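target.txt follows; it contains compact mmCIF, C-alpha atoms.
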```txt
# COMPACT_ATOMS: atom_id res chain seq x y z
CA MET A 1 71.51 37.90 9.23
CA ILE A 2 68.78 39.90 10.94
CA ARG A 3 66.28 38.85 8.28
CA ALA A 4 67.22 35.19 8.74
CA GLU A 5 66.65 35.48 12.49
CA LYS A 6 63.20 37.01 11.91
CA ILE A 7 62.25 34.16 9.58
CA LEU A 8 63.42 31.60 12.15
CA LEU A 9 61.49 33.27 14.97
CA THR A 10 58.36 33.35 12.82
CA ALA A 11 58.69 29.66 12.04
CA LEU A 12 59.20 28.77 15.70
CA ALA A 13 56.21 30.87 16.72
CA ALA A 14 54.00 28.79 14.47
CA TRP A 15 54.76 25.77 16.65
CA LEU A 16 53.93 27.45 19.95
CA PRO A 17 50.80 26.11 21.67
CA LEU A 18 47.67 28.09 20.87
CA PRO A 19 44.68 28.61 23.18
CA ALA A 20 42.13 25.85 22.74
CA ALA A 21 39.59 28.28 21.30
CA PHE A 22 41.92 29.03 18.39
CA ALA A 23 43.52 25.62 17.92
CA ALA A 24 40.12 23.94 17.42
CA TRP A 25 38.12 26.71 15.79
CA ALA A 26 36.56 24.59 13.05
CA PRO A 27 32.98 23.50 13.79
CA SER A 28 32.33 19.82 14.44
CA PRO A 29 29.48 18.23 12.45
CA ALA A 30 27.16 18.72 15.43
CA GLU A 31 28.23 22.35 15.81
CA MET A 32 27.79 22.98 12.09
CA ALA A 33 24.24 21.64 12.30
CA ALA A 34 23.48 24.31 14.93
CA LEU A 35 24.70 27.15 12.69
CA PRO A 36 22.71 29.01 10.03
CA PRO A 37 22.47 27.11 6.71
CA TYR A 38 24.66 29.62 4.90
CA CYS A 39 27.59 28.61 7.15
CA ALA A 40 27.89 25.11 5.69
CA ALA A 41 27.74 26.67 2.24
CA ARG A 42 30.42 29.24 3.08
CA PHE A 43 32.79 26.54 4.34
CA ASN A 44 32.24 24.52 1.15
CA GLU A 45 33.59 26.94 -1.42
CA GLY A 46 32.71 26.06 -4.98
CA SER A 47 29.64 24.00 -4.09
CA PRO A 48 26.24 24.76 -5.66
CA ALA A 49 25.03 26.03 -2.27
CA PHE A 50 28.05 28.33 -2.02
CA ARG A 51 27.32 29.84 -5.42
CA SER A 52 23.63 30.26 -4.61
CA TRP A 53 24.26 32.06 -1.31
CA ARG A 54 26.99 34.21 -2.84
CA THR A 55 24.60 35.29 -5.57
CA SER A 56 21.95 36.00 -2.95
CA MET A 57 24.07 37.94 -0.44
CA GLY A 58 26.46 39.61 -2.82
CA SER A 59 29.97 40.72 -1.93
CA ASP A 60 29.34 40.57 1.84
CA PHE A 61 29.12 36.77 1.65
CA VAL A 62 32.90 36.51 1.39
CA HIS A 63 33.21 37.65 5.03
CA LEU A 64 30.46 35.48 6.44
CA HIS A 65 32.67 32.60 7.61
CA HIS A 66 33.91 34.96 10.34
CA TYR A 67 30.35 35.47 11.54
CA CYS A 68 29.79 31.71 11.52
CA ALA A 69 32.98 31.22 13.54
CA GLY A 70 31.80 33.91 15.96
CA ILE A 71 28.45 32.20 16.50
CA ASN A 72 30.24 28.89 17.04
CA PHE A 73 32.60 30.43 19.61
CA LEU A 74 29.60 32.05 21.34
CA ASN A 75 27.78 28.71 21.50
CA ARG A 76 30.89 27.03 22.90
CA GLY A 77 31.46 29.78 25.44
CA ARG A 78 27.86 29.69 26.61
CA GLY A 79 28.12 25.97 27.29
CA SER A 80 31.54 26.13 28.93
CA PHE A 81 32.46 26.97 32.50
CA GLY A 82 36.14 26.07 32.41
CA ALA A 83 39.29 28.15 32.30
CA GLY A 84 39.06 28.66 28.54
CA ARG A 85 35.59 30.21 28.58
CA LYS A 86 36.83 33.79 28.61
CA ASP A 87 39.18 33.14 25.68
CA THR A 88 36.39 31.47 23.71
CA LEU A 89 33.97 34.36 24.24
CA GLY A 90 36.74 36.83 23.43
CA ALA A 91 37.31 34.98 20.17
CA ALA A 92 33.61 35.36 19.37
CA VAL A 93 33.80 39.12 19.92
CA ARG A 94 36.82 39.41 17.64
CA GLU A 95 35.08 37.47 14.86
CA PHE A 96 32.02 39.72 15.15
CA ASP A 97 34.29 42.77 15.08
CA TYR A 98 35.88 41.59 11.85
CA VAL A 99 32.52 41.16 10.14
CA LEU A 100 31.16 44.51 11.37
CA GLY A 101 34.30 46.22 10.11
CA ASN A 102 34.24 44.65 6.66
CA VAL A 103 30.65 44.18 5.50
CA SER A 104 28.68 47.02 3.95
CA SER A 105 26.89 49.45 6.26
CA GLY A 106 23.50 48.26 4.99
CA PHE A 107 24.18 44.53 5.36
CA TYR A 108 20.92 42.98 6.50
CA LEU A 109 22.55 40.83 9.22
CA ARG A 110 24.30 43.78 10.89
CA SER A 111 21.63 44.10 13.59
CA GLU A 112 21.84 40.39 14.39
CA ILE A 113 25.66 40.52 14.55
CA LEU A 114 25.50 43.45 16.97
CA MET A 115 22.99 41.55 19.09
CA ASN A 116 25.21 38.47 19.29
CA ARG A 117 28.22 40.64 20.10
CA GLY A 118 26.17 42.16 22.92
CA VAL A 119 25.31 38.69 24.23
CA ALA A 120 28.98 37.67 24.21
CA LEU A 121 29.93 40.86 26.05
CA THR A 122 27.18 40.22 28.59
CA LEU A 123 28.69 36.80 29.32
CA LEU A 124 32.08 38.50 29.68
CA LYS A 125 30.47 40.93 32.16
CA ARG A 126 31.38 43.92 29.99
CA ASP A 127 27.96 45.38 30.65
CA GLY A 128 28.46 48.90 29.31
CA GLU A 129 29.62 47.70 25.90
CA ALA A 130 26.92 45.04 25.85
CA ILE A 131 24.14 47.57 26.46
CA GLY A 132 25.52 49.77 23.67
CA ASN A 133 25.53 46.89 21.18
CA LEU A 134 22.04 45.70 22.14
CA LEU A 135 20.56 49.19 21.86
CA GLU A 136 22.24 49.70 18.48
CA ALA A 137 20.87 46.35 17.28
CA ILE A 138 17.37 47.38 18.36
CA GLN A 139 17.72 50.76 16.67
CA LEU A 140 18.71 49.10 13.39
CA ASP A 141 15.94 46.50 13.59
CA PRO A 142 13.31 46.77 16.35
CA ARG A 143 12.02 43.34 15.37
CA GLN A 144 14.78 41.52 17.24
CA PRO A 145 13.07 39.93 20.27
CA ARG A 146 16.26 38.34 21.54
CA ALA A 147 17.93 41.74 21.81
CA TYR A 148 15.21 42.93 24.20
CA SER A 149 15.43 39.69 26.19
CA ALA A 150 19.20 39.97 26.50
CA LEU A 151 18.89 43.60 27.58
CA ALA A 152 16.28 42.66 30.19
CA ASP A 153 18.46 39.85 31.55
CA LEU A 154 21.36 42.26 31.88
CA HIS A 155 19.22 44.75 33.82
CA VAL A 156 18.00 41.96 36.11
CA ARG A 157 21.59 40.99 36.82
CA GLN A 158 22.24 44.62 37.71
CA LYS A 159 19.27 44.42 40.13
CA ASN A 160 17.20 46.85 38.11
CA PRO A 161 13.94 45.01 37.38
CA GLY A 162 12.16 48.23 36.43
CA LYS A 163 14.54 48.81 33.51
CA ALA A 164 14.19 45.15 32.58
CA LEU A 165 10.41 45.49 32.39
CA GLU A 166 10.79 48.64 30.28
CA ALA A 167 13.00 46.75 27.82
CA VAL A 168 10.56 43.85 27.53
CA SER A 169 7.58 46.21 27.21
CA GLU A 170 9.27 48.04 24.35
CA GLY A 171 10.06 44.70 22.74
CA LEU A 172 6.41 43.68 22.89
CA ARG A 173 5.32 46.92 21.23
CA HIS A 174 7.41 45.95 18.21
CA ASN A 175 6.94 42.16 18.52
CA PRO A 176 3.48 41.70 20.06
CA ASP A 177 3.15 37.97 19.33
CA THR A 178 6.56 36.90 20.66
CA LYS A 179 5.89 34.26 23.32
CA SER A 180 9.27 34.59 25.05
CA LEU A 181 8.72 38.32 25.58
CA GLN A 182 5.17 37.74 26.82
CA ARG A 183 6.48 35.20 29.32
CA ARG A 184 9.28 37.53 30.46
CA TYR A 185 6.80 40.41 30.79
CA THR A 186 4.69 38.35 33.20
CA GLU A 187 7.74 37.15 35.16
CA LEU A 188 8.86 40.75 35.65
CA GLY A 189 5.48 41.77 37.05
CA GLY A 190 3.92 43.28 33.94
CA LYS A 191 0.15 43.66 34.02
CA LEU A 192 -2.25 42.52 31.33
CA PRO A 193 -3.13 43.51 28.72
CA TYR A 194 0.26 43.48 27.05
CA PRO A 195 1.61 46.82 25.79
CA ALA A 196 -0.21 48.06 22.71
CA PRO A 197 1.68 47.28 19.50
CA ILE A 198 3.00 50.04 17.29
CA ALA A 199 3.15 50.12 13.51
CA ALA A 200 5.89 47.82 12.29
CA ALA A 201 8.86 49.50 10.62
CA PRO A 202 10.28 47.89 7.47
CA SER A 203 12.90 45.24 8.25
CA PRO A 204 16.39 45.55 6.70
CA ALA A 205 16.39 44.23 3.16
CA GLY A 206 17.57 40.65 2.92
CA PRO A 207 19.26 38.81 0.06
CA SER A 208 17.55 38.48 -3.29
CA GLU A 209 15.02 35.68 -3.34
CA GLU A 210 15.81 35.02 -6.98
CA ALA A 211 19.06 33.30 -6.03
CA ALA A 212 17.12 30.65 -4.14
CA ASP A 213 16.14 29.07 -7.44
CA ALA A 214 19.48 29.59 -9.16
CA VAL A 215 20.74 26.08 -8.33
CA ASP A 216 18.32 23.22 -7.78
CA ALA A 217 20.78 21.32 -5.61
CA ALA A 218 21.38 24.22 -3.26
CA PRO A 219 19.20 24.97 -0.24
CA PRO A 220 17.02 28.03 -0.82
CA ALA A 221 18.35 31.30 0.53
CA PRO A 222 15.83 32.81 2.95
CA ASP A 223 14.69 36.36 2.95
CA ALA A 224 15.71 38.72 5.71
CA ALA A 225 12.87 37.75 8.05
CA ALA A 226 13.65 34.05 7.80
CA ALA A 227 17.42 34.42 8.14
CA ALA A 228 17.72 37.18 10.67
CA ALA A 229 14.51 37.37 12.72
CA PRO A 230 13.94 35.10 15.72
CA ALA A 231 11.47 32.30 15.25
CA ASP A 232 9.05 32.81 18.03
CA GLU A 233 8.07 35.91 16.10
CA ALA A 234 4.77 35.16 14.43
CA PRO A 235 5.92 35.80 10.81
CA ALA A 236 9.03 33.62 11.08
CA PRO A 237 8.67 29.89 10.46
CA ALA A 238 11.62 28.61 12.46
CA LYS A 239 11.59 28.50 16.26
CA ILE A 240 14.60 30.19 17.87
CA GLY A 241 16.00 29.46 21.28
CA SER A 242 14.54 27.43 24.10
CA PRO A 243 13.38 28.17 27.65
CA THR A 244 16.84 27.18 28.92
CA ASN A 245 18.86 28.96 26.24
CA PRO A 246 17.00 31.92 24.70
CA TYR A 247 20.02 33.24 22.82
CA CYS A 248 21.03 30.14 20.81
CA ARG A 249 19.72 30.74 17.34
CA PHE A 250 19.96 27.19 16.06
CA CYS A 251 19.88 25.00 19.18
CA PRO A 252 17.13 22.35 19.50
CA ASP A 253 14.53 22.59 22.26
```
Encoded form (structure tokens):
Amino acid sequence: MIRAEKILLTALAAWLPLPAAFAAWAPSPAEMAALPPYCAARFNEGSPAFRSWRTSMGSDFVHLHHYCAGINFLNRGRGSFGAGRKDTLGAAVREFDYVLGNVSSGFYLRSEILMNRGVALTLLKRDGEAIGNLLEAIQLDPRQPRAYSALADLHVRQKNPGKALEAVSEGLRHNPDTKSLQRRYTELGGKLPYPAPIAAAPSPAGPSEEAADAVDAAPPAPDAAAAAAPADEAPAPAKIGSPTNPYCRFCPD
């Protein structure tokens, strides 16, 4: 009898209303277009693109739909100012947590995931956690301009422009040609010339480039710099962010 009651309660719970962020988690076509190319492949299991990316990324690819969902929730939360915004951003953090807890420690997107988690926490005004994530992202990969920008914005919000300028200056030492950091440096009162660059450290290893040619019909899998590094970095071909939304990886200008 007790077991039957548990089954009934479970069935009834499935019909209870869910928060909007969870009930409509799947990306719309427009939202999917704003996500990294591996997201469409991950949501199309069995396609040539899916097989190509899985070969390229290895076993960590199986978890990547959670990262894609997290980015989508973050994009939604950033553009929302209604009552559900907090739930949407919280959903993004949980998706990022899942990926960080399940991918390998050397996964080449780990720094980027930590950065996006830090951005979501910043929007939730959980500043201490956000700073921790952003600093960890920078430690893993100093060539993450958006992490420095997010850290600077957080310090400005805390009315600490000196710390903000320090963050941007450090970012320019590792990313000397990044236009967004140069602009932020000037806005924060930095004096020319820009901080002297330091020798670049090796970026985290990305997926194998050989998988890009494995299936002709599949889009090529980028290397780590193309997939994980922001685009206003000189070496990266794709432009990332815009003056009005510096954190959105795949938004148009």
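For the pair CA of Met32 (chain A) and CA of Ser47 (chain A), the separation is 16.3 Å.
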> Of the candidates A:Cys68, A:Leu114, A:Leu121, A:Ala49, which shows the shortest atom-to-atom distance to Leu140 (chain A), using only C-alpha atoms?
Replying inline: A:Leu114
> Can you list, as a ChimeraX atom specification, every protein, DNA or RNA residue that comes within 10 Å of Lys163 (chain A) when you count only C-alpha atoms, leaving out same-chain residues fewer than 6 positions away?
Replying inline: /A:151-156,169
> How many Å separate CA of Asn133 (chain A) from CA of Gly118 (chain A)?
Replying inline: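 Answer for the CA of Asn133 (chain A) to CA of Gly118 (chain A) separation: 5.1 Å.
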>> Calculated over all atoms listed in the file, which of the candidates A:Ala34, A:Pro29, A:Cys39, A:Val168 has the smallest distance to Phe61 (chain A)?
In response: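 Closest to Phe61 (chain A), using all atoms listed in the file: A:Cys39.
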>> Residues within 9 Å of (9.4, 38.7, 27.5), file coordinates, counting all atoms listed in the file: what are they? Give the list as an MDAnalysis selection string.
In response: chainID A and resid 145 148:149 152 165 167:169 171:172 178:188
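Atom pair CA of Arg85 (chain A) / CA of Phe107 (chain A) has a distance of 29.6 Å (rounded to one decimal).
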